[in-house]
file structure.txt (compact mmCIF, C-alpha atoms)
# COMPACT_ATOMS: atom_id res chain seq x y z
CA MET A 293 46.95 10.55 -1.39
CA THR A 294 47.25 7.17 -3.05
CA ALA A 295 49.00 6.96 -6.40
CA VAL A 296 46.97 5.63 -9.30
CA THR A 297 48.63 3.17 -11.62
CA ALA A 298 47.51 1.14 -14.61
CA VAL A 299 47.77 -2.48 -13.60
CA ALA A 300 45.80 -5.69 -13.86
CA VAL A 301 43.75 -6.96 -10.97
CA ALA A 302 43.54 -10.48 -9.56
CA GLN A 303 40.60 -11.61 -7.44
CA ASP A 304 39.80 -14.19 -4.76
CA THR A 305 36.36 -14.76 -3.21
CA PHE A 306 35.68 -16.80 -0.08
CA GLY A 307 33.31 -17.10 2.85
CA VAL A 308 33.94 -15.49 6.23
CA PHE A 309 31.88 -14.20 9.20
CA GLY A 310 28.74 -15.75 7.65
CA THR A 311 29.11 -13.60 4.53
CA THR A 312 31.25 -13.24 1.41
CA ALA A 313 34.74 -11.80 1.29
CA THR A 314 36.33 -10.52 -1.90
CA LEU A 315 40.02 -9.78 -2.22
CA LEU A 316 41.37 -7.79 -5.20
CA VAL A 317 45.07 -7.06 -5.70
CA THR A 318 46.90 -5.14 -8.38
CA GLU A 319 49.61 -7.81 -8.77
CA ALA A 320 48.42 -11.33 -9.56
CA SER A 321 51.57 -12.87 -8.11
CA ALA A 322 50.74 -11.31 -4.74
CA LEU A 323 47.31 -12.91 -4.47
CA PRO A 324 48.27 -16.11 -2.57
CA ALA A 325 50.28 -14.19 0.00
CA ALA A 326 47.53 -11.59 0.29
CA ARG A 327 45.01 -14.34 0.99
CA ARG A 328 47.22 -15.79 3.71
CA LEU A 329 47.53 -12.40 5.38
CA ALA A 330 43.78 -11.87 5.15
CA ASP A 331 43.04 -15.32 6.56
CA ALA A 332 45.30 -14.68 9.55
CA GLU A 333 43.74 -11.29 10.28
CA LEU A 334 40.19 -12.56 9.93
CA ALA A 335 40.81 -15.60 12.13
CA ALA A 336 42.26 -13.37 14.84
CA VAL A 337 39.34 -10.93 14.70
CA ASP A 338 36.82 -13.77 14.81
CA LEU A 339 38.48 -15.30 17.87
CA ALA A 340 38.53 -11.92 19.57
CA CYS A 341 34.99 -10.73 19.06
CA SER A 342 32.56 -13.27 17.64
CA ARG A 343 29.29 -13.23 19.59
CA PHE A 344 28.60 -16.80 18.50
CA ARG A 345 31.84 -18.44 19.66
CA ALA A 346 32.00 -19.59 23.24
CA ASP A 347 35.80 -19.30 23.12
CA SER A 348 35.91 -15.68 21.97
CA GLU A 349 37.13 -12.88 24.21
CA LEU A 350 33.85 -11.07 23.67
CA SER A 351 31.91 -14.07 24.99
CA ALA A 352 34.20 -14.22 28.00
CA LEU A 353 33.61 -10.54 28.75
CA ASN A 354 29.85 -10.89 28.29
CA ALA A 355 29.91 -13.80 30.74
CA ALA A 356 32.11 -12.05 33.31
CA ASP A 357 29.12 -10.63 35.22
CA GLY A 358 30.66 -7.19 35.53
CA ALA A 359 34.11 -8.33 36.58
CA THR A 360 37.21 -6.80 35.03
CA ILE A 361 39.12 -9.24 32.86
CA GLY A 362 42.37 -9.06 30.93
CA ILE A 363 41.98 -8.85 27.16
CA SER A 364 44.29 -9.00 24.16
CA GLU A 365 45.67 -5.94 22.39
CA LEU A 366 43.55 -6.84 19.37
CA PHE A 367 40.30 -7.06 21.31
CA ALA A 368 41.16 -3.81 23.06
CA GLU A 369 41.62 -2.19 19.66
CA LEU A 370 38.29 -3.54 18.36
CA LEU A 371 36.47 -2.54 21.53
CA GLY A 372 38.13 0.86 21.41
CA GLU A 373 36.93 1.35 17.84
CA ALA A 374 33.38 0.45 18.89
CA LEU A 375 33.48 2.98 21.73
CA ARG A 376 34.93 5.61 19.42
CA ALA A 377 32.06 4.99 16.99
CA ALA A 378 29.55 5.38 19.81
CA ARG A 379 31.13 8.64 20.93
CA LEU A 380 31.32 10.10 17.41
CA THR A 381 27.68 9.26 16.70
CA ASP A 382 26.30 10.38 20.06
CA GLY A 383 25.39 6.78 20.80
CA ALA A 384 23.53 6.03 17.56
CA VAL A 385 26.01 3.19 17.04
CA ASP A 386 26.27 1.40 20.37
CA PRO A 387 28.27 -1.76 21.14
CA THR A 388 26.01 -2.70 24.07
CA CYS A 389 23.22 -3.91 21.78
CA GLY A 390 24.17 -7.56 22.35
CA ARG A 391 21.31 -8.36 24.70
CA ALA A 392 18.77 -6.49 22.55
CA LEU A 393 19.82 -8.46 19.47
CA ALA A 394 19.60 -11.74 21.37
CA GLU A 395 16.14 -10.86 22.69
CA LEU A 396 15.07 -9.96 19.16
CA GLY A 397 16.01 -13.49 18.14
CA TYR A 398 19.48 -12.87 16.69
CA ASP A 399 21.09 -15.25 19.15
CA ARG A 400 22.90 -17.61 16.81
CA ASP A 401 24.72 -17.54 13.50
CA PHE A 402 22.56 -15.66 11.02
CA GLY A 403 22.25 -18.60 8.64
CA LEU A 404 20.40 -20.54 11.33
CA LEU A 405 17.63 -17.94 11.79
CA GLU A 406 14.16 -18.13 10.26
CA PRO A 407 14.09 -15.91 7.15
CA ALA A 408 12.06 -12.71 7.41
CA ARG A 409 8.50 -12.79 6.12
CA ALA A 410 6.64 -9.72 7.36
CA VAL A 411 7.31 -6.36 5.71
CA THR A 412 7.76 -3.98 8.65
CA PRO A 413 9.00 -4.35 12.20
CA GLY A 414 6.30 -4.80 14.79
CA PRO A 415 5.72 -2.57 17.84
CA ALA A 416 8.43 -2.25 20.42
CA SER A 417 8.05 -4.02 23.73
CA PRO A 418 8.16 -1.68 26.76
CA ALA A 419 11.15 -3.43 28.28
CA ALA A 420 13.21 -3.47 25.09
CA ALA A 421 15.05 -0.19 25.64
CA SER A 422 16.52 -1.43 28.91
CA ALA A 423 18.29 -4.12 26.91
CA VAL A 424 20.74 -1.44 25.70
CA PRO A 425 22.39 -0.01 28.82
CA GLY A 426 24.62 2.22 26.71
CA TRP A 427 28.25 2.47 25.68
CA ARG A 428 29.26 4.37 28.83
CA SER A 429 28.69 1.17 30.78
CA VAL A 430 31.81 -0.24 29.09
CA ARG A 431 35.15 0.31 30.81
CA LEU A 432 38.29 -0.17 28.76
CA ASP A 433 41.76 0.17 30.25
CA THR A 434 44.66 0.14 27.88
CA GLY A 435 47.71 -0.45 29.98
CA PRO A 436 47.63 -3.42 30.34
CA PRO A 437 44.45 -4.04 28.34
CA ARG A 438 41.44 -5.07 30.38
CA ALA A 439 37.72 -4.38 30.28
CA SER A 440 34.50 -4.67 32.23
CA LEU A 441 30.79 -4.23 31.58
CA ALA A 442 28.41 -2.55 34.02
CA GLY A 443 24.64 -2.62 34.25
CA GLY A 444 24.24 -6.02 32.66
CA ALA A 445 25.62 -4.79 29.33
CA GLN A 446 26.25 -7.39 26.64
CA LEU A 447 28.49 -6.54 23.71
CA ASP A 448 27.94 -6.93 20.00
CA LEU A 449 30.65 -5.38 17.84
CA GLY A 450 28.93 -6.15 14.55
CA ALA A 451 28.62 -2.48 13.62
CA THR A 452 32.37 -1.88 13.62
CA ALA A 453 34.45 -5.07 13.90
CA LYS A 454 33.86 -6.37 10.36
CA ALA A 455 34.74 -2.99 8.90
CA ARG A 456 37.82 -2.71 11.11
CA ALA A 457 38.82 -6.22 9.98
CA ALA A 458 38.63 -5.02 6.36
CA ASP A 459 40.86 -2.06 7.22
CA ARG A 460 43.34 -4.30 9.01
CA CYS A 461 43.50 -6.72 6.08
CA ALA A 462 44.03 -3.95 3.55
CA GLU A 463 46.69 -2.25 5.68
CA ALA A 464 48.56 -5.53 6.24
CA ILE A 465 48.49 -6.57 2.57
CA ALA A 466 49.51 -3.20 1.15
CA GLY A 467 52.11 -2.70 3.87
CA GLN A 468 53.75 -6.10 3.59
CA LEU A 469 53.33 -6.85 -0.13
CA GLY A 470 53.48 -3.34 -1.56
CA CYS A 471 50.61 -3.87 -3.99
CA GLY A 472 47.27 -2.16 -4.29
CA VAL A 473 44.45 -4.01 -2.57
CA LEU A 474 40.70 -3.91 -2.09
CA VAL A 475 39.16 -5.96 0.70
CA SER A 476 35.40 -6.41 0.82
CA LEU A 477 33.85 -8.17 3.81
CA GLY A 478 30.17 -8.48 3.03
CA GLY A 479 30.20 -5.14 1.23
CA ASP A 480 32.31 -3.28 3.81
CA ILE A 481 35.17 -2.15 1.59
CA ALA A 482 38.69 -0.98 2.44
CA VAL A 483 41.35 -0.11 -0.10
CA ALA A 484 45.07 0.56 0.36
CA GLY A 485 48.20 0.94 -1.72
CA PRO A 486 48.27 2.06 -5.37
CA ALA A 487 44.85 1.88 -7.01
CA PRO A 488 44.31 0.60 -10.53
CA ALA A 489 43.85 3.14 -13.32
CA GLY A 490 40.50 4.84 -12.86
CA GLY A 491 40.24 3.67 -9.28
CA TRP A 492 38.49 0.71 -7.71
CA ARG A 493 35.04 0.37 -9.29
CA ILE A 494 32.31 -0.36 -6.76
CA ARG A 495 28.62 -0.96 -7.34
CA VAL A 496 26.58 0.44 -4.45
CA THR A 497 23.32 -1.42 -4.02
CA ASP A 498 21.04 -2.85 -1.34
CA ASP A 499 22.59 -6.31 -1.11
CA HIS A 500 26.30 -6.97 -1.54
CA ALA A 501 25.49 -10.43 -2.88
CA ALA A 502 23.32 -9.09 -5.72
CA GLY A 503 24.65 -9.48 -9.22
CA PRO A 504 26.81 -6.97 -11.08
CA ASP A 505 23.72 -5.41 -12.71
CA ALA A 506 21.81 -4.89 -9.45
CA ALA A 507 19.92 -1.62 -9.13
CA GLY A 508 22.24 1.04 -7.81
CA GLN A 509 25.18 3.13 -8.94
CA THR A 510 28.79 2.41 -9.88
CA VAL A 511 31.44 4.67 -8.38
CA ALA A 512 35.23 4.63 -8.17
CA ILE A 513 37.47 5.28 -5.15
CA THR A 514 41.24 5.35 -4.87
CA SER A 515 41.74 5.34 -1.10
CA GLY A 516 39.93 4.97 2.21
CA GLY A 517 36.77 2.96 2.60
CA LEU A 518 33.18 2.64 1.49
CA ALA A 519 30.42 0.89 3.39
CA THR A 520 26.72 0.32 2.98
CA SER A 521 24.13 -0.33 5.69
CA SER A 522 20.64 -1.50 4.90
CA THR A 523 17.51 -2.75 6.58
CA THR A 524 16.72 -4.95 3.59
CA VAL A 525 19.16 -7.76 4.37
CA ARG A 526 20.20 -9.65 7.50
CA ALA A 527 16.54 -9.70 8.49
CA TRP A 528 14.64 -12.50 10.19
CA SER A 529 11.25 -13.34 11.68
CA GLN A 530 10.38 -13.66 15.33
CA ASP A 531 6.84 -14.26 16.51
CA GLY A 532 5.56 -13.14 13.12
CA ARG A 533 7.40 -9.82 13.27
CA ARG A 534 10.11 -8.81 10.85
CA MET A 535 13.43 -8.00 12.50
CA HIS A 536 16.67 -6.61 11.11
CA HIS A 537 20.10 -6.24 12.60
CA ILE A 538 20.39 -2.44 12.94
CA VAL A 539 19.15 -1.74 16.45
CA ASP A 540 18.17 1.74 17.58
CA PRO A 541 19.86 1.99 21.00
CA ALA A 542 17.12 4.35 22.18
CA THR A 543 14.43 1.69 21.79
CA GLY A 544 16.29 -1.61 21.74
CA GLN A 545 14.30 -2.44 18.59
CA PRO A 546 15.20 -2.62 14.90
CA ALA A 547 15.59 0.96 13.68
CA ARG A 548 12.47 2.29 11.94
CA SER A 549 14.21 4.48 9.42
CA CYS A 550 13.07 6.45 6.39
CA TRP A 551 16.18 5.03 4.66
CA ARG A 552 16.34 1.48 3.46
CA THR A 553 19.99 1.74 2.39
CA VAL A 554 22.81 4.20 3.09
CA SER A 555 26.29 4.13 1.51
CA VAL A 556 29.10 6.34 2.84
CA ALA A 557 32.68 6.96 1.68
CA ALA A 558 35.17 7.87 4.41
CA GLY A 559 38.85 7.91 5.26
CA ASN A 560 38.66 4.22 6.11
CA CYS A 561 36.10 1.43 6.15
CA THR A 562 35.50 1.58 9.90
CA ASP A 563 34.48 5.21 9.74
CA ALA A 564 32.40 4.65 6.60
CA ASN A 565 30.44 1.87 8.30
CA THR A 566 30.07 3.89 11.49
CA ALA A 567 28.50 6.72 9.50
CA SER A 568 26.27 4.53 7.33
CA THR A 569 24.90 2.66 10.35
CA ALA A 570 24.35 5.89 12.29
CA ALA A 571 22.54 7.39 9.28
CA ILE A 572 20.02 4.55 9.27
CA VAL A 573 19.36 5.09 12.99
CA ARG A 574 19.20 8.89 12.72
CA GLY A 575 16.63 8.78 9.92
CA ALA A 576 15.75 12.06 8.22
CA ALA A 577 18.24 14.00 10.36
CA ALA A 578 21.09 12.02 8.81
CA VAL A 579 21.32 14.23 5.73
CA ALA A 580 22.28 17.35 7.68
CA TRP A 581 24.55 15.30 9.95
CA LEU A 582 26.47 13.84 7.00
CA GLU A 583 26.71 17.25 5.33
CA ASP A 584 28.08 18.79 8.52
CA LEU A 585 30.75 16.08 8.64
CA SER A 586 31.53 16.52 4.89
CA LEU A 587 30.93 12.83 4.36
CA PRO A 588 29.93 11.83 0.82
CA ALA A 589 26.90 9.57 1.08
CA ARG A 590 24.08 8.07 -0.95
CA LEU A 591 20.81 7.54 0.91
CA VAL A 592 17.96 5.50 -0.57
CA ARG A 593 14.41 5.81 0.77
CA ALA A 594 12.01 2.89 0.96
CA ASP A 595 10.36 4.06 -2.28
CA GLY A 596 13.72 4.01 -4.04
CA SER A 597 14.25 7.77 -4.27
CA VAL A 598 17.84 8.81 -3.70
CA GLU A 599 19.51 11.69 -1.84
CA VAL A 600 23.25 12.41 -1.91
CA THR A 601 25.54 14.49 0.32
CA ALA A 602 28.96 16.18 0.34
CA GLY A 603 30.11 15.53 -3.19
CA TRP A 604 28.73 12.05 -3.76
CA PRO A 605 28.11 12.05 -7.53
CA ASP A 606 24.62 12.24 -8.92
CA GLY A 607 23.67 8.92 -10.37
CA PRO A 608 20.84 7.25 -12.16
CA GLY A 609 17.25 7.99 -11.18
CA PRO A 610 15.33 6.40 -8.36
CA ALA A 611 16.11 2.80 -7.54
CA PRO A 612 13.11 0.45 -7.71
CA PRO A 613 11.43 -0.20 -4.37
CA ALA A 614 12.69 -3.23 -2.53
CA SER A 615 10.00 -5.78 -3.43
CA ALA A 616 10.56 -8.23 -0.63
CA PRO A 617 12.84 -6.74 2.00
CA GLY A 618 14.87 -9.15 3.93
CA THR A 619 13.95 -12.17 1.93
CA MET B 144 73.21 56.53 61.44
CA ARG B 145 72.46 57.25 57.83
CA ARG B 146 74.46 54.13 56.88
CA ASP B 147 72.38 52.03 59.32
CA ASN B 148 69.16 53.27 57.70
CA ALA B 149 70.47 52.45 54.25
CA GLY B 150 71.46 48.92 55.34
CA ALA B 151 68.02 48.36 56.85
CA ALA B 152 66.38 49.51 53.63
CA VAL B 153 68.53 47.13 51.56
CA ASN B 154 67.69 44.26 53.90
CA ALA B 155 63.99 45.11 53.69
CA ARG B 156 64.18 45.24 49.90
CA ASP B 157 65.99 41.87 49.69
CA ASP B 158 63.49 40.36 52.10
CA GLY B 159 60.61 41.60 49.96
CA LEU B 160 62.16 40.24 46.78
CA ARG B 161 62.60 36.83 48.40
CA LYS B 162 58.92 36.83 49.42
CA VAL B 163 57.83 37.80 45.88
CA THR B 164 60.03 35.06 44.41
CA ARG B 165 58.60 32.46 46.81
CA LEU B 166 55.05 33.52 45.97
CA THR B 167 55.79 33.37 42.25
CA TRP B 168 57.12 29.81 42.53
CA ARG B 169 54.17 28.72 44.68
CA ALA B 170 51.70 30.23 42.23
CA GLY B 171 53.43 28.44 39.34
CA ALA B 172 53.43 25.13 41.17
CA ALA B 173 49.76 25.54 42.09
CA GLY B 174 48.99 26.20 38.42
CA LEU B 175 50.74 23.01 37.37
CA VAL B 176 48.85 20.98 39.97
CA CYS B 177 45.53 22.49 38.85
CA SER B 178 46.33 21.73 35.20
CA ALA B 179 47.10 18.10 36.04
CA LEU B 180 43.90 17.77 38.09
CA ILE B 181 41.77 19.22 35.28
CA ALA B 182 43.39 16.95 32.69
CA ALA B 183 42.78 13.91 34.89
CA ALA B 184 39.18 14.94 35.58
CA PHE B 185 38.34 15.19 31.90
CA GLY B 186 40.11 11.95 31.06
CA HIS B 187 42.48 13.17 28.37
CA GLY B 188 45.61 12.18 30.15
CA GLY B 189 44.61 8.98 31.90
CA THR B 190 45.20 5.38 30.93
CA SER B 191 41.58 4.31 31.25
CA SER B 192 38.44 5.76 29.76
CA HIS B 193 34.96 4.93 28.65
CA ALA B 194 35.85 6.01 25.15
CA THR B 195 39.52 5.25 24.77
CA THR B 196 40.76 3.74 21.54
CA SER B 197 43.73 1.49 21.86
CA THR B 198 45.35 2.66 18.63
CA PRO B 199 47.32 5.77 19.53
CA ALA B 200 47.14 7.15 15.98
CA ARG B 201 43.35 7.19 16.20
CA GLN B 202 43.07 8.44 19.78
CA GLY B 203 43.35 12.03 18.65
CA GLN B 204 40.78 11.70 15.90
CA ARG B 205 37.70 13.43 17.22
CA THR B 206 35.62 13.16 14.10
CA ILE B 207 34.78 10.64 11.43
CA LEU B 208 37.51 10.76 8.80
CA ILE B 209 36.48 12.12 5.44
CA PRO B 210 37.89 10.53 2.28
CA ALA B 211 40.80 12.10 0.41
CA GLN B 212 38.36 12.69 -2.40
CA PRO B 213 34.69 11.80 -2.93
CA PRO B 214 33.74 8.83 -5.08
CA ALA B 215 33.57 9.44 -8.83
CA ALA B 216 30.72 8.18 -10.96
CA VAL B 217 31.83 5.61 -13.53
CA PRO B 218 29.82 3.74 -16.15
CA GLY B 219 29.24 0.02 -16.21
CA ALA B 220 29.43 -2.68 -13.59
CA GLY B 221 31.62 -2.66 -10.52
CA GLN B 222 34.49 -4.96 -9.65
CA VAL B 223 32.70 -5.59 -6.38
CA ASN B 224 29.39 -4.64 -4.75
CA SER B 225 28.96 -2.55 -1.64
CA GLY B 226 25.67 -3.52 -0.08
CA ALA B 227 24.50 -4.81 3.23
CA SER B 228 25.27 -8.39 4.25

call {"tool": "encode", "arguments": {"input": "structure.txt", "output": "structure tokens"}}
result
Amino acid sequence: MTAVTAVAVAQDTFGVFGTTATLLVTEASALPAARRLADAELAAVDLACSRFRADSELSALNAADGATIGISELFAELLGEALRAARLTDGAVDPTCGRALAELGYDRDFGLLEPARAVTPGPASPAAASAVPGWRSVRLDTGPPRASLAGGAQLDLGATAKARAADRCAEAIAGQLGCGVLVSLGGDIAVAGPAPAGGWRIRVTDDHAAGPDAAGQTVAITSGGLATSSTTVRAWSQDGRRMHHIVDPATGQPARSCWRTVSVAAGNCTDANTASTAAIVRGAAAVAWLEDLSLPARLVRADGSVEVTAGWPDGPGPAPPASAPGT
Amino acid sequence: MRRDNAGAAVNARDDGLRKVTRLTWRAGAAGLVCSALIAAAFGHGGTSSHATTSTPARQGQRTILIPAQPPAAVPGAGQVNSGAS
């Protein structure tokens, strides 16, 4: 368990992966070195698994037409985490959603897409499900690291790689600098080292970029990770239909969930994000699933009503409905 | 004559013990081979897998890790937001 100490916190905010990163450390003098460590980790992860970089290892594997290619230790780790997430969620979080996302129009950096206008996703196309061949079509060998994709699978590691990057940054900073640290990558949060007095205070809400008074709840954690998945952001329009980035592998379409936002606390950020994404896909069955796993979670329905699991603290009443999802 | 019978009995006993010993070793070896085959078939001892993680510390983790303690409610604003991006 992480020790809790009373110390000041220094902060740095910067852009990465098309979103906002926030770095908090418990020793102001450590902030520049912490930023350098974070920059190095994030650059390495981006080069390994960006779907929008032609020079990434992920792009090379997607273009290999089923052939086995050698990969770096880092990409093997990130791919291994994605496969672990798929296995632990019975495929609700699947790294072979790359083709489905591209066919849904998410084929370039998110900032270049047409903003969402419609309110709900349109009907699924009959061929959409075949766009997700499934995580078992991925072969990963670890000694030496190499990988291949069968059945026309195309990877997208968006459900796990950003969270794993947050974990890697936090582990590197706390391990090398000895200070307490919080790393937030677009709302995927990892903490490590000694926490400030009272813990790290986190506002859980629909959109990580909302202001400090956004509708939601403030909680404190001292270790591990906390992540939030939502259908209300990272949404776009295609052919007049509203799309969002959480694909249901069973249909190849944006998940049609009873939850608009799910926040989960776990032993690390990767596992928190795995669970929050899976909860969106699982829909109503997610409550029992999270309880069975003893994972504290806060689930918000489209009407703003809230349900909590496994020791997540009761908070304020229902959140207001999302007035314009995805806009 | 009696001595000859006793010698034959001793030889028969020793022969039987050798056979039992050989059978015991063969059974043990067969068990080891079967164990290795089963482990390989179910992929827990191989170097490649459809669900292998490359971080050895996490390979044995067969469930999503729960936090050391659940979040605590606190008043006021947060230092950072957790929301989708």

call {"tool": "atom_distance", "arguments": {"input": "structure.txt", "atom1": "CA of Leu315 in chain A", "atom2": "CA of Ala558 in chain A"}}
result
19.5 Å

call {"tool": "residues_around", "arguments": {"input": "structure.txt", "residues": "range 221-227 of chain B", "least_positions_apart": "4", "cutoff": "6 Å", "atoms": "only C-alpha atoms", "output": "JSON, numbers by chain"}}
result
{"A": [479, 493, 494, 495, 496, 497, 498, 499, 500, 510, 520, 521, 522]}

call {"tool": "write_last_selection", "arguments": {"input": "structure.txt", "atoms": "C-alpha atoms", "output": "short mmCIF file (atom, residue, chain, number, x, y, z; two decimals), keeping the file's coordinate frame"}}
result
data_model
loop_
_atom_site.label_atom_id
_atom_site.label_comp_id
_atom_site.auth_asym_id
_atom_site.auth_seq_id
_atom_site.Cartn_x
_atom_site.Cartn_y
_atom_site.Cartn_z
CA GLY A 479 30.20 -5.14 1.23
CA ARG A 493 35.04 0.37 -9.29
CA ILE A 494 32.31 -0.36 -6.76
CA ARG A 495 28.62 -0.96 -7.34
CA VAL A 496 26.58 0.44 -4.45
CA THR A 497 23.32 -1.42 -4.02
CA ASP A 498 21.04 -2.85 -1.34
CA ASP A 499 22.59 -6.31 -1.11
CA HIS A 500 26.30 -6.97 -1.54
CA THR A 510 28.79 2.41 -9.88
CA THR A 520 26.72 0.32 2.98
CA SER A 521 24.13 -0.33 5.69
CA SER A 522 20.64 -1.50 4.90
#

call {"tool": "residues_around", "arguments": {"input": "structure.txt", "residues": "Ala322 in chain A", "least_positions_apart": "3", "cutoff": "8 Å", "atoms": "only C-alpha atoms", "output": "list of chain:residue names"}}
result
A:Val317, A:Glu319, A:Ala325, A:Ala326, A:Leu469, A:Cys471

call {"tool": "closest_residue", "arguments": {"input": "structure.txt", "among": "A:Asp505, A:Asp357, A:Asp304, A:Asp386", "to": "chain B", "atoms": "all atoms listed in the file"}}
result
A:Asp505

call {"tool": "atom_distance", "arguments": {"input": "structure.txt", "atom1": "CA of Leu432 in chain A", "atom2": "CA of Ala368 in chain A"}}
result
7.3 Å

call {"tool": "closest_residue", "arguments": {"input": "structure.txt", "among": "A:Leu316, A:Ala336, A:Leu375, A:Ala302", "to": "Val475 in chain A", "atoms": "only C-alpha atoms"}}
result
A:Leu316

call {"tool": "residues_around", "arguments": {"input": "structure.txt", "residues": "Leu370 in chain A", "least_positions_apart": "2", "cutoff": "8 Å", "atoms": "all atoms listed in the file", "output": "PDB file with C-alpha atoms, keeping the file's coordinate frame"}}
result
ATOM      1  CA  CYS A 341      34.990 -10.730  19.060  1.00  0.00           C
ATOM      2  CA  LEU A 366      43.550  -6.840  19.370  1.00  0.00           C
ATOM      3  CA  PHE A 367      40.300  -7.060  21.310  1.00  0.00           C
ATOM      4  CA  ALA A 368      41.160  -3.810  23.060  1.00  0.00           C
ATOM      5  CA  GLY A 372      38.130   0.860  21.410  1.00  0.00           C
ATOM      6  CA  GLU A 373      36.930   1.350  17.840  1.00  0.00           C
ATOM      7  CA  ALA A 374      33.380   0.450  18.890  1.00  0.00           C
ATOM      8  CA  LEU A 449      30.650  -5.380  17.840  1.00  0.00           C
ATOM      9  CA  THR A 452      32.370  -1.880  13.620  1.00  0.00           C
ATOM     10  CA  ALA A 453      34.450  -5.070  13.900  1.00  0.00           C
ATOM     11  CA  ARG A 456      37.820  -2.710  11.110  1.00  0.00           C
TER      12      ARG A 456
END

call {"tool": "atom_distance", "arguments": {"input": "structure.txt", "atom1": "CA of Thr553 in chain A", "atom2": "CA of Val598 in chain A"}}
result
9.6 Å

call {"tool": "closest_residue", "arguments": {"input": "structure.txt", "among": "A:Ala335, A:Val579, A:Leu380, A:Ala439", "to": "Ala457 in chain A", "atoms": "all atoms listed in the file"}}
result
A:Ala335
